[in-house]
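For reference, model-v1.cif is printed below; it contains mmCIF, N, CA and C atoms.
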data_protein
#
loop_
_atom_site.label_atom_id
_atom_site.label_comp_id
_atom_site.auth_asym_id
_atom_site.auth_seq_id
_atom_site.Cartn_x
_atom_site.Cartn_y
_atom_site.Cartn_z
N MET D 15 0.82 -1.20 0.00
CA MET D 15 0.00 0.00 0.00
C MET D 15 0.86 1.26 0.00
N ALA D 16 2.03 1.17 0.58
CA ALA D 16 2.90 2.34 0.65
C ALA D 16 3.31 2.80 -0.76
N ILE D 17 3.50 1.85 -1.65
CA ILE D 17 3.88 2.18 -3.02
C ILE D 17 2.74 2.93 -3.72
N LEU D 18 1.52 2.45 -3.51
CA LEU D 18 0.37 3.11 -4.13
C LEU D 18 0.18 4.53 -3.59
N GLU D 19 0.42 4.71 -2.30
CA GLU D 19 0.31 6.05 -1.72
C GLU D 19 1.38 6.97 -2.29
N ALA D 20 2.58 6.46 -2.49
CA ALA D 20 3.66 7.26 -3.07
C ALA D 20 3.33 7.66 -4.50
N ILE D 21 2.76 6.73 -5.24
CA ILE D 21 2.37 7.02 -6.62
C ILE D 21 1.27 8.07 -6.64
N LEU D 22 0.31 7.96 -5.72
CA LEU D 22 -0.77 8.94 -5.63
C LEU D 22 -0.22 10.33 -5.33
N GLU D 23 0.75 10.43 -4.42
CA GLU D 23 1.35 11.73 -4.09
C GLU D 23 2.08 12.30 -5.31
N GLU D 24 2.79 11.45 -6.05
CA GLU D 24 3.48 11.91 -7.26
C GLU D 24 2.50 12.42 -8.30
N LEU D 25 1.38 11.74 -8.45
CA LEU D 25 0.36 12.17 -9.41
C LEU D 25 -0.23 13.51 -9.01
N LYS D 26 -0.43 13.70 -7.71
CA LYS D 26 -0.95 14.99 -7.24
C LYS D 26 0.04 16.12 -7.55
N LEU D 27 1.34 15.87 -7.31
CA LEU D 27 2.35 16.88 -7.62
C LEU D 27 2.41 17.18 -9.12
N LEU D 28 2.31 16.13 -9.92
CA LEU D 28 2.32 16.30 -11.37
C LEU D 28 1.12 17.12 -11.82
N ASN D 29 -0.03 16.84 -11.24
CA ASN D 29 -1.24 17.58 -11.58
C ASN D 29 -1.09 19.06 -11.22
N GLN D 30 -0.49 19.34 -10.07
CA GLN D 30 -0.25 20.73 -9.67
C GLN D 30 0.69 21.41 -10.65
N ASN D 31 1.74 20.72 -11.05
CA ASN D 31 2.70 21.29 -12.00
C ASN D 31 2.03 21.58 -13.34
N LEU D 32 1.20 20.66 -13.80
CA LEU D 32 0.52 20.86 -15.08
C LEU D 32 -0.46 22.02 -15.01
N SER D 33 -1.15 22.17 -13.91
CA SER D 33 -2.08 23.29 -13.80
C SER D 33 -1.32 24.61 -13.77
N GLY D 34 -0.13 24.62 -13.18
CA GLY D 34 0.70 25.83 -13.18
C GLY D 34 1.18 26.18 -14.57
N VAL D 35 1.55 25.18 -15.34
CA VAL D 35 1.99 25.42 -16.71
C VAL D 35 0.85 25.95 -17.55
N ASN D 36 -0.34 25.40 -17.39
CA ASN D 36 -1.49 25.87 -18.15
C ASN D 36 -1.81 27.31 -17.83
N MET D 37 -1.64 27.72 -16.59
CA MET D 37 -1.92 29.10 -16.20
C MET D 37 -0.91 30.05 -16.83
N GLU D 38 0.36 29.65 -16.87
CA GLU D 38 1.38 30.52 -17.43
C GLU D 38 1.16 30.77 -18.91
N SER D 39 0.80 29.75 -19.66
CA SER D 39 0.62 29.93 -21.09
C SER D 39 -0.64 30.73 -21.41
N SER D 40 -1.62 30.71 -20.52
CA SER D 40 -2.84 31.45 -20.78
C SER D 40 -2.73 32.92 -20.39
N THR D 41 -1.63 33.32 -19.75
CA THR D 41 -1.47 34.72 -19.35
C THR D 41 -0.92 35.59 -20.46
N THR D 42 -0.54 35.01 -21.58
CA THR D 42 -0.03 35.79 -22.71
C THR D 42 -1.17 36.61 -23.31
N LYS D 43 -0.89 37.88 -23.48
CA LYS D 43 -1.92 38.77 -24.02
C LYS D 43 -1.95 38.67 -25.54
N GLU D 44 -3.09 38.42 -26.08
CA GLU D 44 -3.24 38.26 -27.52
C GLU D 44 -2.97 39.55 -28.29
N PRO D 45 -3.42 40.73 -27.82
CA PRO D 45 -3.16 41.94 -28.59
C PRO D 45 -1.67 42.22 -28.82
N ASN D 46 -0.82 41.87 -27.86
CA ASN D 46 0.61 42.08 -28.04
C ASN D 46 1.16 41.21 -29.16
N ILE D 47 0.66 40.01 -29.26
CA ILE D 47 1.11 39.10 -30.31
C ILE D 47 0.72 39.66 -31.68
N LYS D 48 -0.52 40.10 -31.80
CA LYS D 48 -0.97 40.65 -33.08
C LYS D 48 -0.20 41.92 -33.42
N LYS D 49 0.11 42.72 -32.42
CA LYS D 49 0.83 43.97 -32.66
C LYS D 49 2.23 43.70 -33.21
N THR D 50 2.92 42.71 -32.66
CA THR D 50 4.26 42.43 -33.15
C THR D 50 4.22 41.87 -34.56
N VAL D 51 3.20 41.13 -34.90
CA VAL D 51 3.09 40.61 -36.25
C VAL D 51 2.80 41.73 -37.23
N ASP D 52 1.98 42.68 -36.83
CA ASP D 52 1.65 43.80 -37.70
C ASP D 52 2.85 44.72 -37.90
N GLU D 53 3.79 44.74 -36.97
CA GLU D 53 4.93 45.64 -37.06
C GLU D 53 6.05 45.12 -37.94
N VAL D 54 5.96 43.91 -38.44
CA VAL D 54 7.00 43.36 -39.30
C VAL D 54 7.04 44.14 -40.59
N PRO D 55 8.21 44.67 -40.95
CA PRO D 55 8.29 45.47 -42.18
C PRO D 55 8.04 44.62 -43.43
N ALA D 56 7.50 45.25 -44.43
CA ALA D 56 7.19 44.56 -45.68
C ALA D 56 8.45 44.13 -46.42
N VAL D 57 9.59 44.72 -46.11
CA VAL D 57 10.84 44.38 -46.77
C VAL D 57 11.21 42.93 -46.51
N GLU D 58 10.92 42.42 -45.32
CA GLU D 58 11.27 41.04 -45.01
C GLU D 58 10.53 40.06 -45.91
N LYS D 59 9.33 40.39 -46.32
CA LYS D 59 8.57 39.50 -47.19
C LYS D 59 9.27 39.34 -48.54
N GLU D 60 9.93 40.38 -48.98
CA GLU D 60 10.64 40.31 -50.25
C GLU D 60 11.92 39.49 -50.12
N THR D 61 12.49 39.45 -48.94
CA THR D 61 13.76 38.76 -48.75
C THR D 61 13.57 37.39 -48.12
N ASP D 62 12.39 36.79 -48.26
CA ASP D 62 12.15 35.47 -47.71
C ASP D 62 12.96 34.39 -48.42
N LYS D 63 13.39 34.65 -49.63
CA LYS D 63 14.17 33.68 -50.37
C LYS D 63 15.54 33.53 -49.72
N PRO D 64 16.01 32.29 -49.57
CA PRO D 64 17.32 32.12 -48.95
C PRO D 64 18.42 32.68 -49.85
N THR D 65 19.27 33.49 -49.28
CA THR D 65 20.35 34.11 -50.04
C THR D 65 21.68 33.74 -49.39
N GLN D 66 21.86 32.45 -49.14
CA GLN D 66 23.08 32.01 -48.52
C GLN D 66 24.21 32.11 -49.53
N LYS D 67 25.32 32.62 -49.05
CA LYS D 67 26.51 32.67 -49.87
C LYS D 67 27.53 31.73 -49.27
N PHE D 68 27.98 30.79 -50.06
CA PHE D 68 28.94 29.81 -49.59
C PHE D 68 30.32 30.18 -50.14
N THR D 69 31.32 30.04 -49.30
CA THR D 69 32.68 30.33 -49.73
C THR D 69 33.29 29.10 -50.38
N HIS D 70 34.33 29.34 -51.13
CA HIS D 70 35.06 28.25 -51.79
C HIS D 70 35.62 27.30 -50.74
N ASP D 71 36.16 27.86 -49.64
CA ASP D 71 36.73 27.03 -48.58
C ASP D 71 35.68 26.13 -47.94
N TYR D 72 34.48 26.67 -47.73
CA TYR D 72 33.41 25.88 -47.13
C TYR D 72 33.02 24.73 -48.05
N VAL D 73 32.88 25.00 -49.32
CA VAL D 73 32.52 23.96 -50.28
C VAL D 73 33.60 22.88 -50.33
N MET D 74 34.85 23.30 -50.31
CA MET D 74 35.95 22.34 -50.35
C MET D 74 35.99 21.48 -49.08
N SER D 75 35.77 22.11 -47.91
CA SER D 75 35.79 21.33 -46.67
C SER D 75 34.62 20.34 -46.63
N LEU D 76 33.48 20.74 -47.15
CA LEU D 76 32.34 19.84 -47.23
C LEU D 76 32.64 18.70 -48.21
N GLY D 77 33.36 19.01 -49.29
CA GLY D 77 33.76 17.98 -50.24
C GLY D 77 34.71 16.97 -49.62
N LYS D 78 35.64 17.45 -48.78
CA LYS D 78 36.56 16.53 -48.10
C LYS D 78 35.80 15.61 -47.15
N LYS D 79 34.85 16.18 -46.43
CA LYS D 79 34.04 15.37 -45.52
C LYS D 79 33.25 14.33 -46.30
N PHE D 80 32.73 14.74 -47.46
CA PHE D 80 31.98 13.83 -48.33
C PHE D 80 32.85 12.66 -48.76
N VAL D 81 34.06 12.95 -49.21
CA VAL D 81 34.96 11.91 -49.71
C VAL D 81 35.34 10.94 -48.59
N MET D 82 35.48 11.44 -47.37
CA MET D 82 35.89 10.57 -46.26
C MET D 82 34.74 9.70 -45.74
N THR D 83 33.50 10.08 -45.99
CA THR D 83 32.40 9.37 -45.35
C THR D 83 31.52 8.52 -46.27
N VAL D 84 31.61 8.69 -47.57
CA VAL D 84 30.68 7.97 -48.46
C VAL D 84 31.38 6.84 -49.22
N ALA D 85 30.57 5.99 -49.82
CA ALA D 85 31.07 4.86 -50.60
C ALA D 85 31.55 5.34 -51.98
N ASP D 86 32.27 4.45 -52.66
CA ASP D 86 32.83 4.80 -53.98
C ASP D 86 31.74 5.11 -55.00
N GLU D 87 30.59 4.45 -54.90
CA GLU D 87 29.50 4.71 -55.85
C GLU D 87 29.02 6.15 -55.74
N GLU D 88 28.99 6.64 -54.51
CA GLU D 88 28.55 8.02 -54.29
C GLU D 88 29.58 9.01 -54.86
N LYS D 89 30.84 8.65 -54.79
CA LYS D 89 31.88 9.52 -55.35
C LYS D 89 31.73 9.62 -56.86
N ASP D 90 31.39 8.50 -57.50
CA ASP D 90 31.15 8.52 -58.94
C ASP D 90 29.92 9.38 -59.27
N ALA D 91 28.91 9.32 -58.42
CA ALA D 91 27.72 10.13 -58.62
C ALA D 91 28.04 11.61 -58.48
N LEU D 92 28.97 11.95 -57.57
CA LEU D 92 29.40 13.34 -57.42
C LEU D 92 30.10 13.82 -58.70
N LYS D 93 30.94 12.99 -59.28
CA LYS D 93 31.61 13.36 -60.52
C LYS D 93 30.60 13.65 -61.62
N THR D 94 29.56 12.83 -61.68
CA THR D 94 28.51 13.05 -62.67
C THR D 94 27.80 14.37 -62.42
N LYS D 95 27.50 14.64 -61.15
CA LYS D 95 26.82 15.89 -60.79
C LYS D 95 27.69 17.09 -61.14
N LEU D 96 28.98 17.01 -60.88
CA LEU D 96 29.89 18.11 -61.22
C LEU D 96 29.95 18.33 -62.73
N THR D 97 29.93 17.24 -63.48
CA THR D 97 29.93 17.36 -64.94
C THR D 97 28.67 18.07 -65.42
N GLU D 98 27.52 17.76 -64.79
CA GLU D 98 26.27 18.44 -65.13
C GLU D 98 26.37 19.94 -64.86
N LEU D 99 27.12 20.29 -63.82
CA LEU D 99 27.26 21.70 -63.46
C LEU D 99 28.41 22.38 -64.20
N GLY D 100 29.09 21.66 -65.06
CA GLY D 100 30.12 22.25 -65.90
C GLY D 100 31.50 22.32 -65.28
N ALA D 101 31.82 21.39 -64.38
CA ALA D 101 33.14 21.38 -63.76
C ALA D 101 33.70 19.97 -63.76
N ASP D 102 35.02 19.87 -63.93
CA ASP D 102 35.67 18.56 -63.90
C ASP D 102 35.89 18.09 -62.46
N LYS D 103 36.14 19.05 -61.57
CA LYS D 103 36.32 18.72 -60.16
C LYS D 103 35.75 19.84 -59.29
N LEU D 104 35.60 19.55 -58.02
CA LEU D 104 34.93 20.47 -57.10
C LEU D 104 35.61 21.83 -57.02
N SER D 105 36.92 21.84 -57.08
CA SER D 105 37.65 23.11 -56.96
C SER D 105 37.44 24.03 -58.16
N LEU D 106 36.97 23.48 -59.28
CA LEU D 106 36.75 24.29 -60.47
C LEU D 106 35.29 24.71 -60.65
N LEU D 107 34.45 24.38 -59.69
CA LEU D 107 33.02 24.68 -59.78
C LEU D 107 32.79 26.20 -59.67
N ALA D 108 31.90 26.71 -60.51
CA ALA D 108 31.58 28.14 -60.49
C ALA D 108 30.80 28.47 -59.22
N PRO D 109 31.04 29.64 -58.63
CA PRO D 109 30.38 30.03 -57.38
C PRO D 109 28.86 30.05 -57.44
N GLU D 110 28.28 30.29 -58.61
CA GLU D 110 26.82 30.31 -58.69
C GLU D 110 26.20 28.92 -58.48
N HIS D 111 27.02 27.87 -58.58
CA HIS D 111 26.53 26.52 -58.36
C HIS D 111 26.79 26.02 -56.93
N TYR D 112 27.41 26.84 -56.09
CA TYR D 112 27.71 26.42 -54.71
C TYR D 112 26.47 25.99 -53.93
N PRO D 113 25.38 26.77 -53.95
CA PRO D 113 24.21 26.33 -53.15
C PRO D 113 23.69 24.95 -53.56
N GLU D 114 23.68 24.68 -54.85
CA GLU D 114 23.19 23.39 -55.32
C GLU D 114 24.11 22.25 -54.90
N ILE D 115 25.42 22.45 -55.01
CA ILE D 115 26.34 21.36 -54.67
C ILE D 115 26.40 21.17 -53.15
N VAL D 116 26.25 22.25 -52.39
CA VAL D 116 26.24 22.13 -50.93
C VAL D 116 25.02 21.31 -50.49
N GLU D 117 23.88 21.60 -51.09
CA GLU D 117 22.67 20.83 -50.78
C GLU D 117 22.86 19.36 -51.14
N TYR D 118 23.47 19.10 -52.27
CA TYR D 118 23.71 17.73 -52.72
C TYR D 118 24.66 17.00 -51.76
N LEU D 119 25.76 17.66 -51.39
CA LEU D 119 26.74 17.03 -50.51
C LEU D 119 26.16 16.76 -49.13
N LYS D 120 25.43 17.72 -48.60
CA LYS D 120 24.83 17.55 -47.27
C LYS D 120 23.83 16.40 -47.28
N ALA D 121 23.06 16.28 -48.34
CA ALA D 121 22.08 15.20 -48.43
C ALA D 121 22.78 13.83 -48.46
N LYS D 122 23.88 13.75 -49.18
CA LYS D 122 24.58 12.48 -49.28
C LYS D 122 25.34 12.14 -48.00
N ILE D 123 25.89 13.14 -47.35
CA ILE D 123 26.61 12.90 -46.09
C ILE D 123 25.63 12.48 -45.00
N GLY D 124 24.48 13.11 -44.99
CA GLY D 124 23.49 12.80 -43.97
C GLY D 124 22.76 11.50 -44.20
N ALA D 125 22.77 11.01 -45.42
CA ALA D 125 22.02 9.78 -45.75
C ALA D 125 22.68 8.54 -45.21
#
Let me see the file written as structure tokens.
Amino acid sequence: MAILEAILEELKLLNQNLSGVNMESSTTKEPNIKKTVDEVPAVEKETDKPTQKFTHDYVMSLGKKFVMTVADEEKDALKTKLTELGADKLSLLAPEHYPEIVEYLKAKIGA
């Protein structure tokens, strides 16, 4: 019976904690939330597109990580991808293709 009483006390404490959490989240004022959303400048809507700029060093370091972690078949697939982008090897890739190759490398490393 002592175990059941201990469990009952724990449940009571948990219930008190949950009711406290529910009270805290309900104290947020809705008008403040709407006001902050309305204050967002329209310029941000135009710049929603990702404009990440990758450096040559970053692309090369990601390429080294790729070579160390993937199988030989994946390395051959990378060569094919580089050929599609107009480069014989990663170091000769044009900067405008960096976002695409970074996405490709990250997907293969993470897979």
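Among the candidates D:Tyr118, D:Asn29, D:Lys78, D:Glu23, the residue lying nearest to Lys95 in chain D is D:Tyr118 (atoms considered: only C-alpha atoms).
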Could you state which residues are captured by the PyMOL selection byres ((chain D and resi 105-113) around 8) in this file, as a PyMOL selection string?
chain D and resi 66-70+73-74+96+99-104+114-119
Smallest atom-to-atom distance to Val84 in chain D: which of D:Ala20, D:Ile123, D:Leu27, D:Leu32, using all atoms listed in the file?
D:Ile123
Which distance in Å separates CA of Lys93 in chain D and atom N of Leu76 in chain D, to one decimal?
15.4 Å
Any chance you could work out the axis-aligned box around range 76-94 of chain D, listed atoms only, 6 Å on each side, giving centre and edge lengths in Å to one decimal, as AutoDock Vina command-line options?
--center_x 32.1 --center_y 12.6 --center_z -54.0 --size_x 20.8 --size_y 28.3 --size_z 29.3
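Counting only C-alpha atoms, the residue from D:Lys120, D:Glu98, D:Ala91, D:Ile17 that sits nearest to Gly77 in chain D is D:Lys120.
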Report, in Å with one decimal, the straight-line distance from CA of Asn31 in chain D to CA of Met15 in chain D.
24.6 Å
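The space between CA of Thr94 in chain D and CA of Ser75 in chain D spans 19.4 Å.
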